[in-house]
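Here is the structure we will look at.
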Amino acid sequence: EHTTLNVMPAAGGKLLMGLTEGGFQYLLAGARANVGLQGGRYMFEVVAVETTFSSSSSSHGSRQQGQTIHVGFATAGSHVVLSKFSTDCIFFDSEGNFQHGTNKAKVSQHFGRDQVVGVVLNLDGKSPNANTISLFRDGKRVAQPQKLPESMIGRPLFPAVSFRGVTLKVNFGPVPLSPLPFRCRSLQEASMADCQLGVAAPSPANGRCEVLLPVGLPDEGTFHWLDRCLGKKTHDI
């Protein structure tokens, strides 16, 4: 899988933890599977097995940083973090919103710790819900099928998660943590015809990597600037 630098995978990549020291607790961590889907109907699950709480004081007073979970799909060329600054990803967040780029709508119920969240991607052309993504919580539907944007139809879509303040368990199958009301295969059960392996990021032409060390003032939008910057430089971490 592909991850941001602040992700610490464990248990063979099934457990994702984020760094919390030195300001990392304020950053979104992201991970994307290295197998994408281009057909059929499949699901994957995530569950927050642990939450962390952090707060800091600034010149503007005390600030609390809550937990955030984004679950969805992204194209191979998108940035690893699911965010509004990329139009190559779609996702549900833990507050019940569905988002693609700057388009955001409340379509679901809230989900949080110890709740199994199932994400279903339907690319079956024979299905009445073809080219949609759905959300389930503990095996029950909490969001109606949401249409994929035209720009993402026909492209391999890779399961992706972003999070802050939680430790996530990711399940790609074959046994679901919370079975759905209908039979839906997991990503691990996907047929070869419905899958495509991700391509590793290209190496620098001169064999040397560039390191960017941003410097910003507290509470002046530094992290928002970084998100926009990373949205344009998709191979940077």
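By order of appearance in the structure tokens: chains A, B, ..., then residues from 1 within every chain, and ligands from 1 in the order shown.
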
Got a sec: who's within 7 Å of A:Glu50, counting only C-alpha atoms, leaving out chain neighbours fewer than 3 positions off, as a VMD selection string? chain A and resid 113 166 to 167

Who sits within 10 Å of A:Ala31, only C-alpha atoms, same chain under 4 positions skipped, as a tab-separated table (two decimals) with N, CA and C atoms, in the first residue's frame:
```tsv
chain	number	residue	atom	x	y	z
A	1	GLU	N	0.83	-1.19	0.00
A	1	GLU	CA	0.00	0.00	0.00
A	1	GLU	C	0.87	1.25	0.00
A	2	HIS	N	0.29	2.39	-0.35
A	2	HIS	CA	0.97	3.67	-0.33
A	2	HIS	C	0.47	4.45	0.88
A	3	THR	N	1.38	5.06	1.62
A	3	THR	CA	0.99	5.80	2.81
A	3	THR	C	1.77	7.10	2.91
A	4	THR	N	1.24	8.02	3.73
A	4	THR	CA	2.00	9.21	4.07
A	4	THR	C	3.05	8.83	5.11
A	5	LEU	N	4.01	9.73	5.33
A	5	LEU	CA	5.12	9.41	6.22
A	5	LEU	C	4.70	9.25	7.67
A	7	VAL	N	2.25	7.57	8.85
A	7	VAL	CA	1.51	6.33	9.09
A	7	VAL	C	2.47	5.23	9.51
A	9	PRO	N	2.23	1.37	9.75
A	9	PRO	CA	1.44	0.14	9.53
A	9	PRO	C	1.90	-0.96	10.49
A	13	GLY	N	0.00	-4.57	7.70
A	13	GLY	CA	-0.70	-3.49	7.02
A	13	GLY	C	-2.18	-3.42	7.35
A	16	LEU	N	-3.44	0.56	11.06
A	16	LEU	CA	-2.80	1.81	10.67
A	16	LEU	C	-2.82	2.79	11.84
A	79	HIS	N	-3.38	12.12	-4.82
A	79	HIS	CA	-2.58	12.16	-3.61
A	79	HIS	C	-3.10	11.13	-2.63
A	80	VAL	N	-2.21	10.66	-1.74
A	80	VAL	CA	-2.58	9.60	-0.81
A	80	VAL	C	-3.66	10.05	0.17
A	81	VAL	N	-3.67	11.33	0.54
A	81	VAL	CA	-4.65	11.84	1.49
A	81	VAL	C	-5.96	12.17	0.77
A	82	LEU	N	-7.06	11.66	1.29
A	82	LEU	CA	-8.38	12.00	0.76
A	82	LEU	C	-8.77	13.38	1.26
A	159	PRO	N	-9.05	1.51	-3.03
A	159	PRO	CA	-9.53	1.82	-1.68
A	159	PRO	C	-8.54	2.72	-0.96
A	160	ALA	N	-9.06	3.70	-0.23
A	160	ALA	CA	-8.19	4.66	0.45
A	160	ALA	C	-8.84	5.11	1.74
A	161	VAL	N	-8.00	5.45	2.72
A	161	VAL	CA	-8.47	5.99	3.99
A	161	VAL	C	-7.56	7.14	4.40
A	162	SER	N	-8.14	8.08	5.12
A	162	SER	CA	-7.37	9.15	5.76
A	162	SER	C	-7.91	9.30	7.16
A	163	PHE	N	-7.06	9.65	8.11
A	163	PHE	CA	-7.52	9.69	9.49
A	163	PHE	C	-6.62	10.59	10.34
```

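DSSP on the backbone gives helix (DSSP H, G or I) for these parts of stretch 84-233 of chain A: Glu150, Ser151, Met152, Leu187, Gln188, Glu189, Met192, Ala193, Asp194, Thr222, Phe223, His224, Trp225, Leu226, Asp227, Arg228, Cys229, Leu230, Gly231 and Lys232 of chain A.
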
Write to file, as a tab-separated table (two decimals), in the first residue's frame, the residues of the selection just made, with N, CA and C atoms.
```
chain	number	residue	atom	x	y	z
A	150	GLU	N	-18.22	11.79	-13.19
A	150	GLU	CA	-17.90	11.36	-14.56
A	150	GLU	C	-16.40	11.20	-14.78
A	151	SER	N	-15.61	12.03	-14.12
A	151	SER	CA	-14.15	12.00	-14.32
A	151	SER	C	-13.50	10.74	-13.77
A	152	MET	N	-14.23	9.99	-12.92
A	152	MET	CA	-13.66	8.79	-12.32
A	152	MET	C	-14.24	7.51	-12.88
A	187	LEU	N	-12.60	-7.15	-1.32
A	187	LEU	CA	-11.52	-6.86	-2.26
A	187	LEU	C	-10.60	-8.06	-2.43
A	188	GLN	N	-10.37	-8.80	-1.35
A	188	GLN	CA	-9.50	-9.96	-1.41
A	188	GLN	C	-10.08	-11.07	-2.29
A	189	GLU	N	-11.39	-11.04	-2.50
A	189	GLU	CA	-12.04	-12.06	-3.32
A	189	GLU	C	-12.23	-11.60	-4.76
A	192	MET	N	-9.39	-11.48	-11.07
A	192	MET	CA	-8.28	-10.80	-11.72
A	192	MET	C	-8.77	-9.83	-12.79
A	193	ALA	N	-9.86	-10.20	-13.47
A	193	ALA	CA	-10.37	-9.34	-14.54
A	193	ALA	C	-10.89	-8.02	-14.00
A	194	ASP	N	-11.26	-7.99	-12.71
A	194	ASP	CA	-11.81	-6.77	-12.11
A	194	ASP	C	-10.76	-5.94	-11.38
A	222	THR	N	-1.05	27.44	7.64
A	222	THR	CA	0.07	26.66	7.10
A	222	THR	C	-0.38	25.30	6.58
A	223	PHE	N	-1.20	24.60	7.36
A	223	PHE	CA	-1.63	23.26	6.96
A	223	PHE	C	-2.53	23.29	5.73
A	224	HIS	N	-3.36	24.32	5.62
A	224	HIS	CA	-4.21	24.46	4.42
A	224	HIS	C	-3.33	24.68	3.19
A	225	TRP	N	-2.28	25.48	3.35
A	225	TRP	CA	-1.35	25.70	2.23
A	225	TRP	C	-0.66	24.39	1.84
A	226	LEU	N	-0.27	23.61	2.84
A	226	LEU	CA	0.39	22.34	2.56
A	226	LEU	C	-0.55	21.38	1.82
A	227	ASP	N	-1.82	21.34	2.23
A	227	ASP	CA	-2.78	20.48	1.54
A	227	ASP	C	-2.92	20.86	0.08
A	228	ARG	N	-3.00	22.17	-0.19
A	228	ARG	CA	-3.12	22.62	-1.59
A	228	ARG	C	-1.86	22.31	-2.37
A	229	CYS	N	-0.72	22.48	-1.73
A	229	CYS	CA	0.56	22.21	-2.39
A	229	CYS	C	0.68	20.73	-2.75
A	230	LEU	N	0.32	19.85	-1.81
A	230	LEU	CA	0.40	18.42	-2.07
A	230	LEU	C	-0.62	17.97	-3.11
A	231	GLY	N	-1.74	18.68	-3.18
A	231	GLY	CA	-2.73	18.37	-4.20
A	231	GLY	C	-2.21	18.58	-5.61
A	232	LYS	N	-1.27	19.53	-5.77
A	232	LYS	CA	-0.68	19.81	-7.08
A	232	LYS	C	0.52	18.91	-7.35
```

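Using only C-alpha atoms, the shortest contact distance between A:Asn131 and any of A:Gly40, A:Gly216, A:Gly221, A:Gly30 is found at A:Gly40.
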
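Excluding A:Val117 itself and same-chain residues fewer than 3 positions from it, the residues having an atom within 7 Å of it are Glu45, Val46, Val47, Phe136, Arg137 and Asp138 of chain A, counting only C-alpha atoms.
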
Could you dump the residues just selected with N, CA, C and O atoms as a short mmCIF file (atom, residue, chain, number, x, y, z; two decimals), in the first residue's frame?
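Full text of selection19.cif as output:
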```cif
data_model
loop_
_atom_site.label_atom_id
_atom_site.label_comp_id
_atom_site.auth_asym_id
_atom_site.auth_seq_id
_atom_site.Cartn_x
_atom_site.Cartn_y
_atom_site.Cartn_z
N GLU A 45 -13.67 -2.84 4.65
CA GLU A 45 -14.15 -2.34 5.94
C GLU A 45 -13.03 -1.67 6.72
O GLU A 45 -11.86 -2.02 6.57
N VAL A 46 -13.41 -0.72 7.55
CA VAL A 46 -12.48 -0.11 8.51
C VAL A 46 -13.21 0.03 9.84
O VAL A 46 -14.44 0.16 9.89
N VAL A 47 -12.44 0.00 10.91
CA VAL A 47 -12.99 0.23 12.24
C VAL A 47 -11.93 0.94 13.08
O VAL A 47 -10.76 0.58 13.05
N PHE A 136 -21.99 1.58 4.82
CA PHE A 136 -22.70 0.77 5.79
C PHE A 136 -22.00 0.90 7.15
O PHE A 136 -20.78 1.03 7.22
N ARG A 137 -22.80 0.86 8.21
CA ARG A 137 -22.27 0.93 9.57
C ARG A 137 -22.79 -0.27 10.36
O ARG A 137 -23.99 -0.44 10.51
N ASP A 138 -21.86 -1.10 10.82
CA ASP A 138 -22.23 -2.32 11.54
C ASP A 138 -23.21 -3.16 10.75
O ASP A 138 -24.18 -3.72 11.29
#
```

Using only C-alpha atoms, the shortest atom-to-atom distance to A:Leu197 among A:Lys106, A:Arg32, A:Arg164, A:Lys126 belongs to A:Arg32

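Residue nearest A:Phe98, chosen from A:Arg183, A:Arg41, A:Lys140, A:His70 and counting only C-alpha atoms: A:His70.
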
Pull the strand (DSSP E or B) assignments for stretch 49-126 of chain A out of DSSP run on the backbone, and list those residues as a ChimeraX atom specification. /A:49-51,54-58,61-65,68-74,89-93,97-100,103-106,113,117-123

For the residues in that selection, give me C-alpha atoms as an mmCIF file, in the first residue's frame.
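Final output, saved to again.cif:
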```cif
data_model
loop_
_atom_site.group_PDB
_atom_site.id
_atom_site.type_symbol
_atom_site.label_atom_id
_atom_site.label_comp_id
_atom_site.auth_asym_id
_atom_site.auth_seq_id
_atom_site.Cartn_x
_atom_site.Cartn_y
_atom_site.Cartn_z
ATOM 1 C CA VAL A 49 -10.048 0.519 17.415
ATOM 2 C CA GLU A 50 -8.482 3.379 19.357
ATOM 3 C CA THR A 51 -8.929 7.134 19.655
ATOM 4 C CA SER A 54 -4.854 16.178 21.797
ATOM 5 C CA SER A 55 -5.068 19.855 22.523
ATOM 6 C CA SER A 56 -2.734 22.775 22.294
ATOM 7 C CA SER A 57 -2.660 26.359 23.381
ATOM 8 C CA SER A 58 -1.948 29.218 21.041
ATOM 9 C CA GLY A 61 -6.523 30.446 23.226
ATOM 10 C CA SER A 62 -7.000 26.748 23.800
ATOM 11 C CA ARG A 63 -7.689 24.554 20.770
ATOM 12 C CA GLN A 64 -8.927 20.981 20.655
ATOM 13 C CA GLN A 65 -8.249 18.669 17.748
ATOM 14 C CA THR A 68 -11.466 12.442 11.740
ATOM 15 C CA ILE A 69 -11.938 9.456 9.438
ATOM 16 C CA HIS A 70 -12.278 9.524 5.648
ATOM 17 C CA VAL A 71 -13.085 6.328 3.709
ATOM 18 C CA GLY A 72 -13.449 6.021 -0.034
ATOM 19 C CA PHE A 73 -11.685 5.440 -3.321
ATOM 20 C CA ALA A 74 -9.052 7.256 -5.338
ATOM 21 C CA CYS A 89 -10.944 10.868 -5.052
ATOM 22 C CA ILE A 90 -14.358 10.438 -3.431
ATOM 23 C CA PHE A 91 -15.027 9.702 0.220
ATOM 24 C CA PHE A 92 -17.385 9.638 3.177
ATOM 25 C CA ASP A 93 -16.221 11.295 6.384
ATOM 26 C CA ASN A 97 -20.598 13.922 4.598
ATOM 27 C CA PHE A 98 -19.889 12.699 1.068
ATOM 28 C CA GLN A 99 -17.264 14.683 -0.794
ATOM 29 C CA HIS A 100 -15.685 15.016 -4.230
ATOM 30 C CA ASN A 103 -18.596 19.418 -3.566
ATOM 31 C CA LYS A 104 -19.779 18.306 -0.135
ATOM 32 C CA ALA A 105 -23.174 17.007 0.977
ATOM 33 C CA LYS A 106 -24.600 15.509 4.158
ATOM 34 C CA ARG A 113 -14.925 4.229 17.440
ATOM 35 C CA VAL A 117 -17.707 0.883 8.461
ATOM 36 C CA GLY A 118 -18.218 -0.922 5.161
ATOM 37 C CA VAL A 119 -17.651 0.820 1.826
ATOM 38 C CA VAL A 120 -19.190 -0.785 -1.260
ATOM 39 C CA LEU A 121 -18.062 0.128 -4.772
ATOM 40 C CA ASN A 122 -20.446 -1.019 -7.494
ATOM 41 C CA LEU A 123 -18.930 -1.080 -10.980
#
```

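Here atom CA of A:Gly173 is placed at a distance of 5.2 Å from atom CA of A:Ser186.
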